[in-house]
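Asker: What follows is the file my_file_39.txt, containing compact mmCIF, C-alpha atoms and all ligand atoms:
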```txt
# COMPACT_ATOMS: atom_id res chain seq x y z
CA MET A 1 -27.87 13.60 -17.63
CA LEU A 2 -27.74 17.34 -17.07
CA ASN A 3 -31.13 18.94 -16.93
CA LYS A 4 -31.89 22.38 -18.38
CA GLN A 5 -34.34 23.39 -15.63
CA ASP A 6 -31.76 22.58 -12.94
CA LEU A 7 -29.08 24.59 -14.73
CA GLN A 8 -31.41 27.55 -15.21
CA LYS A 9 -32.11 27.81 -11.49
CA CYS A 10 -28.76 29.55 -11.01
CA ILE A 11 -29.33 33.31 -11.07
CA HIS A 12 -25.59 34.09 -10.76
CA CYS A 13 -26.05 35.97 -7.48
CA GLY A 14 -22.74 34.71 -6.05
CA LEU A 15 -24.12 34.09 -2.55
CA CYS A 16 -22.52 30.65 -2.63
CA LEU A 17 -18.98 31.86 -3.32
CA GLN A 18 -17.75 32.26 0.25
CA ALA A 19 -19.19 28.86 1.18
CA CYS A 20 -17.02 27.20 -1.46
CA PRO A 21 -13.63 25.97 -0.21
CA THR A 22 -12.07 25.89 -3.67
CA TYR A 23 -13.17 29.47 -4.38
CA VAL A 24 -11.91 30.61 -0.97
CA SER A 25 -8.53 28.99 -1.74
CA THR A 26 -8.12 30.24 -5.30
CA GLY A 27 -10.37 33.27 -5.76
CA GLN A 28 -11.03 31.93 -9.28
CA GLU A 29 -14.51 32.08 -10.76
CA ALA A 30 -13.94 28.75 -12.52
CA GLU A 31 -13.32 27.18 -9.10
CA SER A 32 -16.60 28.47 -7.70
CA PRO A 33 -20.07 26.86 -7.78
CA ARG A 34 -21.33 29.64 -10.05
CA GLY A 35 -18.39 29.12 -12.40
CA ARG A 36 -18.91 25.37 -12.47
CA ILE A 37 -22.62 25.70 -13.20
CA TYR A 38 -21.78 28.15 -15.98
CA LEU A 39 -19.34 25.64 -17.49
CA MET A 40 -21.93 22.84 -17.25
CA ARG A 41 -24.38 25.07 -19.06
CA GLN A 42 -21.83 25.85 -21.75
CA VAL A 43 -21.36 22.12 -22.31
CA TYR A 44 -25.11 21.53 -22.27
CA GLU A 45 -25.55 24.19 -24.97
CA GLY A 46 -22.76 22.67 -27.05
CA ARG A 47 -20.39 25.66 -26.80
CA ILE A 48 -17.55 23.71 -25.19
CA GLY A 49 -16.77 20.03 -24.59
CA TRP A 50 -16.35 18.17 -21.30
CA ALA A 51 -12.58 18.11 -21.75
CA GLN A 52 -12.57 21.89 -21.33
CA ALA A 53 -14.81 21.83 -18.28
CA ARG A 54 -13.08 18.84 -16.71
CA PRO A 55 -10.39 20.56 -14.57
CA SER A 56 -13.01 22.65 -12.84
CA ILE A 57 -15.39 19.72 -12.30
CA ASP A 58 -12.51 17.57 -11.02
CA ALA A 59 -11.46 20.27 -8.56
CA CYS A 60 -14.91 20.39 -6.93
CA MET A 61 -14.93 18.77 -3.48
CA GLY A 62 -18.58 17.81 -3.81
CA CYS A 63 -19.03 19.22 -0.31
CA LEU A 64 -22.38 20.86 -1.14
CA GLY A 65 -21.62 23.97 0.91
CA CYS A 66 -22.96 25.83 -2.13
CA GLN A 67 -26.26 23.95 -2.04
CA THR A 68 -26.84 25.08 1.55
CA ALA A 69 -25.91 28.69 0.73
CA CYS A 70 -27.94 28.97 -2.48
CA PRO A 71 -31.20 30.95 -2.13
CA SER A 72 -32.48 29.74 -5.53
CA GLY A 73 -32.59 26.05 -4.70
CA VAL A 74 -30.00 24.98 -7.28
CA PRO A 75 -29.77 21.17 -6.91
CA TYR A 76 -25.99 21.21 -7.08
CA ALA A 77 -25.50 17.59 -5.93
CA LYS A 78 -27.67 16.35 -8.78
CA LEU A 79 -25.87 18.56 -11.31
CA LEU A 80 -22.44 17.50 -10.10
CA GLU A 81 -23.25 13.79 -10.22
CA ALA A 82 -24.53 14.16 -13.78
CA ALA A 83 -21.47 16.20 -14.79
CA ARG A 84 -19.06 13.72 -13.22
CA ALA A 85 -20.67 10.80 -15.05
CA GLU A 86 -20.33 12.66 -18.35
CA VAL A 87 -16.72 13.65 -17.65
CA GLU A 88 -15.84 9.98 -17.03
CA ARG A 89 -17.59 8.97 -20.21
CA TYR A 90 -16.46 11.67 -22.62
CA ALA A 91 -13.32 13.27 -21.20
CA ARG A 92 -11.16 10.41 -19.97
CA THR A 93 -9.17 7.81 -21.84
CA PRO A 94 -9.97 4.11 -21.35
CA LEU A 95 -6.71 3.78 -19.37
CA GLN A 96 -7.66 6.64 -17.04
CA ARG A 97 -11.08 5.09 -16.50
CA PHE A 98 -9.49 1.71 -15.80
CA VAL A 99 -7.05 3.12 -13.20
CA ARG A 100 -9.74 5.15 -11.47
CA LYS A 101 -12.12 2.20 -11.31
CA ARG A 102 -9.38 -0.04 -9.92
CA ALA A 103 -8.63 2.53 -7.22
CA ILE A 104 -12.29 2.88 -6.24
CA SER A 105 -12.82 -0.88 -6.21
CA THR A 106 -9.81 -1.25 -3.88
CA PHE A 107 -11.04 1.40 -1.45
CA THR A 108 -14.55 -0.03 -1.43
CA ASN A 109 -13.50 -3.60 -0.80
CA PRO A 110 -12.58 -4.19 2.86
CA ALA A 111 -10.37 -7.23 2.11
CA ARG A 112 -8.37 -5.36 -0.55
CA LEU A 113 -8.14 -2.22 1.56
CA ARG A 114 -6.86 -4.23 4.51
CA LEU A 115 -4.31 -5.99 2.30
CA LEU A 116 -3.12 -2.66 0.90
CA LEU A 117 -2.60 -1.27 4.39
CA GLN A 118 -0.88 -4.46 5.55
CA LEU A 119 1.51 -4.32 2.60
CA GLY A 120 2.16 -0.64 3.30
CA ARG A 121 3.02 -1.43 6.89
CA ALA A 122 5.18 -4.44 5.96
CA PHE A 123 7.25 -2.36 3.54
CA GLY A 124 7.40 0.73 5.77
CA ILE A 125 5.40 2.85 3.29
CA ARG A 126 3.90 5.83 5.09
CA ARG A 127 2.26 7.71 2.24
CA VAL A 128 0.22 6.69 -0.77
CA PRO A 129 3.04 6.06 -3.28
CA ARG A 130 3.76 8.80 -5.77
CA TRP A 131 3.33 6.52 -8.78
CA ILE A 132 -0.21 5.65 -7.68
CA ALA A 133 -1.06 9.34 -7.24
CA LYS A 134 0.44 10.10 -10.67
CA ARG A 135 -1.58 7.33 -12.35
CA LEU A 136 -4.70 8.85 -10.82
CA GLY A 137 -3.80 12.20 -12.35
CA ALA A 138 -2.52 13.91 -9.17
CA SER A 139 0.65 15.99 -9.26
CA GLU A 140 1.82 14.97 -5.79
CA THR A 141 0.87 12.73 -2.92
CA ALA A 142 -0.57 14.14 0.27
CA VAL A 143 -2.27 11.23 1.99
CA GLN A 144 -0.54 9.24 4.73
CA LEU A 145 -1.51 5.61 5.10
CA PRO A 146 -3.46 5.23 8.35
CA PRO A 147 -2.38 2.63 10.91
CA LEU A 148 -4.31 -0.61 10.62
CA PRO A 149 -6.09 -1.50 13.87
CA ALA A 150 -5.77 -5.05 15.17
CA ARG A 151 -8.44 -7.47 14.01
CA THR A 152 -11.35 -7.85 16.41
CA PRO A 153 -13.86 -10.72 16.74
CA PRO A 154 -16.54 -10.76 14.02
CA PHE A 155 -19.82 -9.03 14.78
CA GLN A 156 -22.75 -11.08 16.04
CA THR A 157 -25.69 -11.15 13.66
CA VAL A 158 -28.04 -9.77 16.34
CA TYR A 159 -27.53 -7.61 19.43
CA PRO A 160 -30.62 -7.60 21.67
CA ALA A 161 -32.15 -4.33 22.84
CA SER A 162 -32.06 -3.44 26.48
CA GLY A 163 -35.74 -3.80 27.41
CA THR A 164 -38.57 -4.34 24.93
CA PRO A 165 -37.22 -3.67 21.42
CA LYS A 166 -38.86 -0.69 19.77
CA ALA A 167 -37.54 -1.51 16.28
CA ARG A 168 -35.14 -3.72 14.37
CA VAL A 169 -32.29 -1.76 12.86
CA GLY A 170 -29.65 -3.04 10.44
CA LEU A 171 -26.19 -1.54 10.79
CA LEU A 172 -24.29 -0.66 7.63
CA LEU A 173 -20.65 -1.67 8.12
CA GLY A 174 -19.35 0.12 5.04
CA CYS A 175 -15.80 -0.15 3.67
CA ALA A 176 -13.20 2.14 5.31
CA GLN A 177 -15.40 2.31 8.41
CA ARG A 178 -15.35 -1.48 8.71
CA VAL A 179 -11.57 -1.79 8.30
CA LEU A 180 -10.39 1.28 10.22
CA PHE A 181 -13.17 2.22 12.64
CA ASP A 182 -14.46 -0.99 14.13
CA ARG A 183 -14.73 0.91 17.43
CA VAL A 184 -17.29 3.27 15.94
CA HIS A 185 -19.48 0.32 15.00
CA ARG A 186 -19.18 -1.20 18.46
CA ALA A 187 -20.00 2.18 20.04
CA THR A 188 -23.00 2.50 17.70
CA ILE A 189 -24.28 -0.95 18.67
CA GLY A 190 -23.79 -0.14 22.37
CA MET A 191 -25.69 3.14 22.14
CA LEU A 192 -28.53 1.82 19.96
CA THR A 193 -29.18 -1.24 22.13
CA LEU A 194 -29.15 1.03 25.19
CA ALA A 195 -31.71 3.22 23.42
CA GLY A 196 -33.98 0.18 22.93
CA TYR A 197 -33.17 -0.93 19.39
CA GLU A 198 -32.44 -4.51 18.38
CA VAL A 199 -29.37 -4.20 16.19
CA HIS A 200 -28.76 -6.60 13.30
CA VAL A 201 -25.55 -6.83 11.32
CA PRO A 202 -26.67 -8.47 8.07
CA ARG A 203 -24.11 -10.59 6.25
CA GLY A 204 -23.11 -9.93 2.65
CA GLN A 205 -23.95 -6.24 2.70
CA GLY A 206 -20.95 -4.73 0.84
CA CYS A 207 -20.45 -1.12 -0.22
CA CYS A 208 -23.20 1.53 -0.43
CA GLY A 209 -21.88 2.91 -3.73
CA ALA A 210 -21.06 6.43 -2.46
CA LEU A 211 -17.53 6.55 -3.80
CA TRP A 212 -18.72 5.22 -7.15
CA VAL A 213 -21.50 7.71 -7.67
CA HIS A 214 -19.45 10.66 -6.42
CA ASN A 215 -16.78 9.84 -8.98
CA GLY A 216 -19.03 9.40 -11.99
CA TYR A 217 -19.89 5.70 -12.01
CA PRO A 218 -23.64 5.44 -11.27
CA GLN A 219 -24.01 1.98 -12.78
CA GLU A 220 -21.47 0.49 -10.35
CA ALA A 221 -23.18 2.39 -7.52
CA ARG A 222 -26.53 0.87 -8.47
CA ARG A 223 -25.03 -2.62 -8.46
CA ASN A 224 -23.76 -2.09 -4.93
CA ALA A 225 -27.01 -0.52 -3.75
CA HIS A 226 -29.00 -3.42 -5.10
CA ARG A 227 -27.08 -5.80 -2.84
CA LEU A 228 -28.05 -3.67 0.16
CA PHE A 229 -31.75 -3.91 -0.79
CA GLN A 230 -31.49 -7.67 -0.33
CA ALA A 231 -29.34 -7.61 2.80
CA PHE A 232 -31.55 -5.14 4.71
CA ARG A 233 -34.99 -6.14 3.45
CA ALA A 234 -36.26 -7.30 6.88
CA MET A 235 -35.15 -4.19 8.80
CA ASP A 236 -37.34 -1.36 10.09
CA TYR A 237 -34.44 1.06 9.69
CA ILE A 238 -31.02 0.95 8.10
CA VAL A 239 -28.68 2.81 10.41
CA VAL A 240 -25.52 4.49 9.18
CA ASN A 241 -22.68 6.11 11.13
CA ALA A 242 -20.64 7.43 8.17
CA ALA A 243 -21.97 10.70 6.74
CA GLY A 244 -21.05 10.04 3.11
CA CYS A 245 -22.71 6.61 3.04
CA GLY A 246 -25.91 7.84 4.71
CA ALA A 247 -26.24 10.77 2.31
CA THR A 248 -25.90 8.51 -0.72
CA MET A 249 -28.34 5.93 0.62
CA LYS A 250 -30.97 8.59 1.31
CA GLU A 251 -30.68 9.58 -2.37
CA TYR A 252 -31.10 6.10 -3.85
CA GLY A 253 -34.41 7.23 -5.38
CA LEU A 254 -32.47 9.65 -7.57
CA LEU A 255 -29.77 7.08 -8.35
CA PHE A 256 -32.41 4.66 -9.66
CA GLN A 257 -34.63 7.29 -11.29
CA GLY A 258 -36.17 5.99 -14.51
CA THR A 259 -35.20 2.37 -13.79
CA PRO A 260 -37.54 -0.51 -12.84
CA LEU A 261 -36.10 -0.40 -9.30
CA GLN A 262 -36.95 3.24 -8.60
CA ALA A 263 -39.88 2.43 -6.26
CA ASP A 264 -37.76 -0.12 -4.32
CA ALA A 265 -34.93 2.39 -4.05
CA GLU A 266 -37.25 5.10 -2.76
CA ALA A 267 -38.76 2.73 -0.19
CA PHE A 268 -35.28 1.71 0.96
CA ALA A 269 -34.13 5.35 1.21
CA ARG A 270 -37.11 6.19 3.45
CA ARG A 271 -35.81 3.65 6.01
CA VAL A 272 -32.26 5.04 6.16
CA ARG A 273 -31.34 6.89 9.35
CA ASP A 274 -28.15 8.42 10.55
CA VAL A 275 -27.28 7.10 14.01
CA HIS A 276 -27.58 10.59 15.53
CA GLU A 277 -31.18 10.84 14.33
CA LEU A 278 -32.21 7.65 16.12
CA LEU A 279 -30.33 8.47 19.32
CA TYR A 280 -31.61 12.04 19.42
CA GLU A 281 -35.22 10.78 19.31
CA SER A 282 -34.55 8.26 22.12
CA ASP A 283 -34.96 8.50 25.86
CA LEU A 284 -31.49 7.68 27.10
CA PRO A 285 -30.70 7.04 30.76
CA ASP A 286 -28.24 9.28 32.59
CA PRO A 287 -24.62 8.87 31.52
CA LYS A 288 -22.40 6.80 33.84
CA ARG A 289 -19.34 9.03 33.55
CA ASP A 290 -19.03 12.74 33.55
CA ASP A 291 -15.51 13.40 32.32
CA SER A 292 -14.46 16.95 31.87
CA LEU A 293 -13.90 17.40 28.12
CA CYS A 294 -13.43 20.36 25.82
CA VAL A 295 -14.78 19.35 22.41
CA THR A 296 -15.27 21.07 19.06
CA TYR A 297 -17.59 19.60 16.46
CA HIS A 298 -16.63 19.33 12.78
CA ASP A 299 -19.68 19.22 10.50
CA ALA A 300 -19.03 16.47 7.96
CA CYS A 301 -20.33 17.91 4.68
CA HIS A 302 -22.53 14.93 3.91
CA LEU A 303 -24.14 15.14 7.31
CA ALA A 304 -24.67 18.93 7.43
CA HIS A 305 -25.19 19.94 3.81
CA ALA A 306 -26.54 16.71 2.30
CA GLN A 307 -28.67 15.44 5.21
CA GLY A 308 -29.32 18.63 7.17
CA ILE A 309 -28.06 17.02 10.38
CA ARG A 310 -26.34 19.65 12.50
CA HIS A 311 -28.29 19.96 15.72
CA GLN A 312 -28.65 16.29 16.74
CA PRO A 313 -24.95 15.38 17.26
CA ARG A 314 -24.35 18.62 19.16
CA ALA A 315 -27.42 18.12 21.33
CA LEU A 316 -26.40 14.54 22.11
CA LEU A 317 -22.92 15.64 23.14
CA GLN A 318 -24.38 18.37 25.31
CA ARG A 319 -26.27 15.77 27.33
CA LEU A 320 -22.90 15.10 28.96
CA SER A 321 -22.70 17.73 31.66
CA GLY A 322 -18.90 17.64 31.94
CA LEU A 323 -18.49 18.26 28.22
CA LYS A 324 -17.89 21.81 27.04
CA LEU A 325 -18.71 22.25 23.35
CA VAL A 326 -16.80 25.06 21.66
CA GLU A 327 -17.82 26.01 18.12
CA MET A 328 -15.02 26.46 15.62
CA GLU A 329 -15.10 29.01 12.84
CA GLY A 330 -16.06 27.39 9.55
CA ALA A 331 -17.33 24.20 11.21
CA GLU A 332 -19.37 23.51 8.05
CA MET A 333 -16.50 24.15 5.65
CA CYS A 334 -15.08 21.01 4.02
CA CYS A 335 -11.79 19.69 5.46
CA GLY A 336 -10.67 18.60 1.98
CA SER A 337 -10.92 14.87 2.54
CA ALA A 338 -14.05 14.46 0.38
CA GLY A 339 -13.88 10.74 -0.40
CA ILE A 340 -10.70 10.30 -2.43
CA TYR A 341 -10.43 14.00 -3.27
CA ASN A 342 -7.33 14.40 -1.08
CA LEU A 343 -5.68 11.74 -3.23
CA LEU A 344 -6.75 13.29 -6.53
CA GLN A 345 -6.43 17.01 -5.74
CA PRO A 346 -3.72 17.23 -3.06
CA ARG A 347 -3.03 20.96 -3.28
CA LEU A 348 -6.59 22.16 -2.70
CA ALA A 349 -7.22 19.39 -0.18
CA ARG A 350 -4.19 20.48 1.85
CA ASP A 351 -5.30 24.07 1.78
CA ALA A 352 -8.71 23.12 3.15
CA LEU A 353 -7.06 20.94 5.81
CA GLN A 354 -4.76 23.72 6.98
CA ARG A 355 -7.77 26.03 7.34
CA LYS A 356 -9.60 23.37 9.35
CA VAL A 357 -6.60 22.73 11.62
CA ARG A 358 -6.20 26.47 12.24
CA HIS A 359 -9.86 26.79 13.24
CA ILE A 360 -9.63 23.76 15.52
CA ARG A 361 -6.52 25.16 17.20
CA GLU A 362 -8.28 28.49 17.82
CA THR A 363 -11.01 26.79 19.89
CA GLY A 364 -8.56 25.43 22.45
CA ALA A 365 -10.42 22.09 22.33
CA THR A 366 -8.55 18.88 23.07
CA LEU A 367 -11.02 16.66 21.22
CA VAL A 368 -12.69 16.96 17.80
CA ALA A 369 -15.97 15.17 17.12
CA SER A 370 -16.27 14.05 13.49
CA ALA A 371 -18.87 11.69 12.03
CA ASN A 372 -17.22 10.64 8.79
CA PRO A 373 -14.23 8.28 8.47
CA GLY A 374 -12.54 10.23 5.66
CA CYS A 375 -12.74 13.51 7.61
CA THR A 376 -11.47 11.81 10.77
CA LEU A 377 -8.39 10.36 9.06
CA TRP A 378 -7.58 13.57 7.21
CA ILE A 379 -8.05 15.85 10.23
CA ARG A 380 -5.97 13.46 12.36
CA GLN A 381 -3.21 13.71 9.76
CA GLY A 382 -3.41 17.52 9.76
CA LEU A 383 -3.30 17.72 13.56
CA ARG A 384 -0.37 15.30 13.69
CA GLU A 385 1.57 17.30 11.11
CA ALA A 386 0.88 20.48 13.06
CA GLU A 387 2.08 18.67 16.21
CA LEU A 388 -1.15 19.39 18.05
CA PRO A 389 -2.08 16.81 20.73
CA ILE A 390 -5.77 16.80 19.78
CA GLU A 391 -7.73 13.57 19.34
CA VAL A 392 -10.49 13.06 16.74
CA LEU A 393 -13.37 10.72 17.58
CA HIS A 394 -16.83 9.95 16.28
CA PRO A 395 -19.51 11.56 18.52
CA VAL A 396 -20.92 8.08 19.17
CA GLU A 397 -17.56 6.94 20.58
CA ILE A 398 -17.61 9.87 23.02
CA LEU A 399 -21.19 9.04 24.02
CA ALA A 400 -20.56 5.28 24.35
CA LYS A 401 -17.70 5.92 26.73
CA ALA A 402 -19.80 8.23 28.88
CA TYR A 403 -22.77 5.83 28.91
CA GLY A 404 -20.54 2.88 29.79
CA VAL A 405 -21.35 0.87 26.66
CA MET A 406 -18.01 1.05 24.90
CA PRO A 407 -16.77 -2.56 24.75
S1 LIG A 501 -19.59 21.32 -3.87
FE1 LIG A 501 -18.19 22.42 -2.51
S2 LIG A 501 -16.30 22.64 -3.70
FE2 LIG A 501 -17.92 22.07 -5.15
S3 LIG A 501 -18.70 24.02 -5.91
FE3 LIG A 501 -20.00 23.48 -4.17
S4 LIG A 501 -19.06 24.49 -2.40
FE4 LIG A 501 -17.52 24.47 -4.06
S1 LIG A 502 -25.60 28.52 -7.27
FE1 LIG A 502 -27.17 29.63 -6.16
S2 LIG A 502 -26.04 30.98 -4.76
FE2 LIG A 502 -24.58 30.29 -6.35
S3 LIG A 502 -24.66 31.87 -7.91
FE3 LIG A 502 -26.15 30.31 -8.53
S4 LIG A 502 -28.10 31.01 -7.64
FE4 LIG A 502 -26.49 32.18 -6.61
```
Represent the supplied structure as structure tokens.

Answerer:
Amino acid sequence: MLNKQDLQKCIHCGLCLQACPTYVSTGQEAESPRGRIYLMRQVYEGRIGWAQARPSIDACMGCLGCQTACPSGVPYAKLLEAARAEVERYARTPLQRFVRKRAISTFTNPARLRLLLQLGRAFGIRRVPRWIAKRLGASETAVQLPPLPARTPPFQTVYPASGTPKARVGLLLGCAQRVLFDRVHRATIGMLTLAGYEVHVPRGQGCCGALWVHNGYPQEARRNAHRLFQAFRAMDYIVVNAAGCGATMKEYGLLFQGTPLQADAEAFARRVRDVHELLYESDLPDPKRDDSLCVTYHDACHLAHAQGIRHQPRALLQRLSGLKLVEMEGAEMCCGSAGIYNLLQPRLARDALQRKVRHIRETGATLVASANPGCTLWIRQGLREAELPIEVLHPVEILAKAYGVMP
């Protein structure tokens, strides 16, 4: 539910405007954070309905660049989640809700996602089909289907620490990350065990609920989260290597606010760590390789703006003496991937991607470090379309290779 105090925190100063990718693309007040908060307030006061505010709420990337820029402490993430839930409830038809829920449940189910990609490959389909995009309310289709990596052996349940274990950590496998970025998980396990953690991969963990809550379905998100409470109950920390998942899990207290599980959710959230946080606090040995690399770092929104993690990945990369880190302009500006935003809002997503690709090109880097699967896929697509021979990897993959723990 929207909250009056939260809405009133906005003093209309406009300091967030240039941090907003949709405002930068359109120059329209309604596509700015200030404009969106104004519309939410109009709905709250009963002057307009959600159907009128919906296009502007739908066009928000949820990147939270505005929350970082705001000097008044407007809790934009909280406002947006409340607005999205109300839009789903009051401004969509049952058919629209059904289609959107089917799409989210496919993307958040590794078996279904894998099957979808296998079918795409079997029938030579390279892009998300137009009819699917249309059913989801998008005017065109922008997203290419990523290649499906070969299946690898299942994960062990436990990976022992090198030396005396300092803590037991449970690794979240996630959905897209599990299907498409198995290598990131193996790199994470390699680095964490090297840093002295005993890594567990609990069975039956499922989705963290991020895609659900970001698209207005908190109840489904809570159902998913609840399964994680069981799966990770014996862990000292729950470690996450996908920015969007980690940000959502750290906010479980808010997701369960006012429910009997609020205290459990808050206790769980206190144990969630992004992989960079744990590695940054660790004494790591010297790297085994010292390849000469020119890297630029893309700040995934849900790592930088939602979790405040900017320094740790950069500092970890800079431990590699052969690695030159070149900052890109607008490193913290959303690339337009934003969960399934690039599927739902292709025009604005493409605009953000082209900006990101231009800024990457200007650095002269040959490698982009990106800590979120959606960003990685989308930026790879943009670089491929621009015919730039630049690779995109998770920072942990770069580290694991240098430390000799990449299986
Ligand atoms: S979340 Fe991102 S896209 Fe949405 S209003 Fe804020 S800055 Fe703009
Ligand atoms: S959201 Fe914050 S930065 Fe943006 S107009 Fe309101 S008070 Fe100013």

Asker: List every residue of chain A that has an atom at most 9 Å from any atom of ligand LIG 502 (chain A), and for each one report the closest atom pair and its distance in Å to one decimal, counting all atoms listed in the file, with rows sorted by chain and then by increasing residue number, as JSON lines.

Answerer:
```
{"residue": "A:Leu7", "atom": "CA", "partner": "A:LIG502", "partner_atom": "FE3", "distance": 8.9}
{"residue": "A:Gln8", "atom": "CA", "partner": "A:LIG502", "partner_atom": "FE3", "distance": 8.9}
{"residue": "A:Lys9", "atom": "CA", "partner": "A:LIG502", "partner_atom": "S4", "distance": 6.4}
{"residue": "A:Cys10", "atom": "CA", "partner": "A:LIG502", "partner_atom": "FE3", "distance": 3.7}
{"residue": "A:Ile11", "atom": "CA", "partner": "A:LIG502", "partner_atom": "S4", "distance": 4.3}
{"residue": "A:His12", "atom": "CA", "partner": "A:LIG502", "partner_atom": "S3", "distance": 3.7}
{"residue": "A:Cys13", "atom": "CA", "partner": "A:LIG502", "partner_atom": "FE4", "distance": 3.9}
{"residue": "A:Gly14", "atom": "CA", "partner": "A:LIG502", "partner_atom": "S3", "distance": 3.9}
{"residue": "A:Leu15", "atom": "CA", "partner": "A:LIG502", "partner_atom": "S2", "distance": 4.3}
{"residue": "A:Cys16", "atom": "CA", "partner": "A:LIG502", "partner_atom": "S2", "distance": 4.1}
{"residue": "A:Leu17", "atom": "CA", "partner": "A:LIG502", "partner_atom": "FE2", "distance": 6.6}
{"residue": "A:Ser32", "atom": "CA", "partner": "A:LIG502", "partner_atom": "FE2", "distance": 8.3}
{"residue": "A:Pro33", "atom": "CA", "partner": "A:LIG502", "partner_atom": "S1", "distance": 5.8}
{"residue": "A:Arg34", "atom": "CA", "partner": "A:LIG502", "partner_atom": "S3", "distance": 4.5}
{"residue": "A:Gly35", "atom": "CA", "partner": "A:LIG502", "partner_atom": "S3", "distance": 8.2}
{"residue": "A:Ile37", "atom": "CA", "partner": "A:LIG502", "partner_atom": "S1", "distance": 7.2}
{"residue": "A:Tyr38", "atom": "CA", "partner": "A:LIG502", "partner_atom": "FE3", "distance": 8.9}
{"residue": "A:Cys66", "atom": "CA", "partner": "A:LIG502", "partner_atom": "FE2", "distance": 6.4}
{"residue": "A:Gln67", "atom": "CA", "partner": "A:LIG502", "partner_atom": "S1", "distance": 7.0}
{"residue": "A:Thr68", "atom": "CA", "partner": "A:LIG502", "partner_atom": "S2", "distance": 8.7}
{"residue": "A:Ala69", "atom": "CA", "partner": "A:LIG502", "partner_atom": "S2", "distance": 5.9}
{"residue": "A:Cys70", "atom": "CA", "partner": "A:LIG502", "partner_atom": "S2", "distance": 3.6}
{"residue": "A:Pro71", "atom": "CA", "partner": "A:LIG502", "partner_atom": "S2", "distance": 5.8}
{"residue": "A:Ser72", "atom": "CA", "partner": "A:LIG502", "partner_atom": "S4", "distance": 5.0}
{"residue": "A:Gly73", "atom": "CA", "partner": "A:LIG502", "partner_atom": "FE1", "distance": 6.7}
{"residue": "A:Val74", "atom": "CA", "partner": "A:LIG502", "partner_atom": "FE1", "distance": 5.6}
{"residue": "A:Pro75", "atom": "CA", "partner": "A:LIG502", "partner_atom": "S1", "distance": 8.5}
{"residue": "A:Tyr76", "atom": "CA", "partner": "A:LIG502", "partner_atom": "S1", "distance": 7.3}
```

Asker: For the selection you just gave me, I'd like the residues written to a file as a compact mmCIF listing (two decimals), in the coordinates of the input, keeping C-alpha atoms.

Answerer:
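Final output, part30.txt:
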```txt
# COMPACT_ATOMS: atom_id res chain seq x y z
CA LEU A 7 -29.08 24.59 -14.73
CA GLN A 8 -31.41 27.55 -15.21
CA LYS A 9 -32.11 27.81 -11.49
CA CYS A 10 -28.76 29.55 -11.01
CA ILE A 11 -29.33 33.31 -11.07
CA HIS A 12 -25.59 34.09 -10.76
CA CYS A 13 -26.05 35.97 -7.48
CA GLY A 14 -22.74 34.71 -6.05
CA LEU A 15 -24.12 34.09 -2.55
CA CYS A 16 -22.52 30.65 -2.63
CA LEU A 17 -18.98 31.86 -3.32
CA SER A 32 -16.60 28.47 -7.70
CA PRO A 33 -20.07 26.86 -7.78
CA ARG A 34 -21.33 29.64 -10.05
CA GLY A 35 -18.39 29.12 -12.40
CA ILE A 37 -22.62 25.70 -13.20
CA TYR A 38 -21.78 28.15 -15.98
CA CYS A 66 -22.96 25.83 -2.13
CA GLN A 67 -26.26 23.95 -2.04
CA THR A 68 -26.84 25.08 1.55
CA ALA A 69 -25.91 28.69 0.73
CA CYS A 70 -27.94 28.97 -2.48
CA PRO A 71 -31.20 30.95 -2.13
CA SER A 72 -32.48 29.74 -5.53
CA GLY A 73 -32.59 26.05 -4.70
CA VAL A 74 -30.00 24.98 -7.28
CA PRO A 75 -29.77 21.17 -6.91
CA TYR A 76 -25.99 21.21 -7.08
```

Asker: Using only C-alpha atoms and all ligand atoms, what are the residues with an atom within 6 Å of ligand LIG 501 (chain A), set out as a count of residues only?

Answerer: 13

Asker: Give me the residues near region 252-259 of chain A as a PyMOL selection string, where near means some atom within 8 Å (using only C-alpha atoms) and where sequence neighbours in that chain fewer than 5 positions away do not count.

Answerer: chain A and resi 218+222+225+265-266+268-269

Asker: Using all atoms listed in the file, can you tell me which of A:His298, A:Pro313, A:Pro407, A:Leu323 comes closest to Val368 (chain A)?

Answerer: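 Looking at the shortest contact to Val368 (chain A), the residue is A:His298.
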
Asker: As a PyMOL selection string, please: the residues near region 39-45 of chain A (cut-off 9 Å, all atoms listed in the file, same-chain neighbours under 2 positions excluded).

Answerer: chain A and resi 2-4+7-8+30+34-37+47-50+52-53+56-57+79-80+83

Asker: For region 192-302 of chain A versus region 105-117 of chain A, which residues have an atom no more than 10 Å away, and what is each residue's nearest atom pair and distance in Å rounded to one decimal, using all atoms listed in the file, chain-then-number order, as JSON lines?

Answerer:
```
{"residue": "A:Gly206", "atom": "CA", "partner": "A:Asn109", "partner_atom": "CA", "distance": 7.7}
{"residue": "A:Cys207", "atom": "CA", "partner": "A:Thr108", "partner_atom": "CA", "distance": 6.1}
{"residue": "A:Cys208", "atom": "CA", "partner": "A:Thr108", "partner_atom": "CA", "distance": 8.8}
{"residue": "A:Gly209", "atom": "CA", "partner": "A:Thr108", "partner_atom": "CA", "distance": 8.2}
{"residue": "A:Ala210", "atom": "CA", "partner": "A:Thr108", "partner_atom": "CA", "distance": 9.2}
{"residue": "A:Leu211", "atom": "CA", "partner": "A:Thr108", "partner_atom": "CA", "distance": 7.6}
{"residue": "A:Trp212", "atom": "CA", "partner": "A:Ser105", "partner_atom": "CA", "distance": 8.5}
{"residue": "A:Glu220", "atom": "CA", "partner": "A:Ser105", "partner_atom": "CA", "distance": 9.7}
```
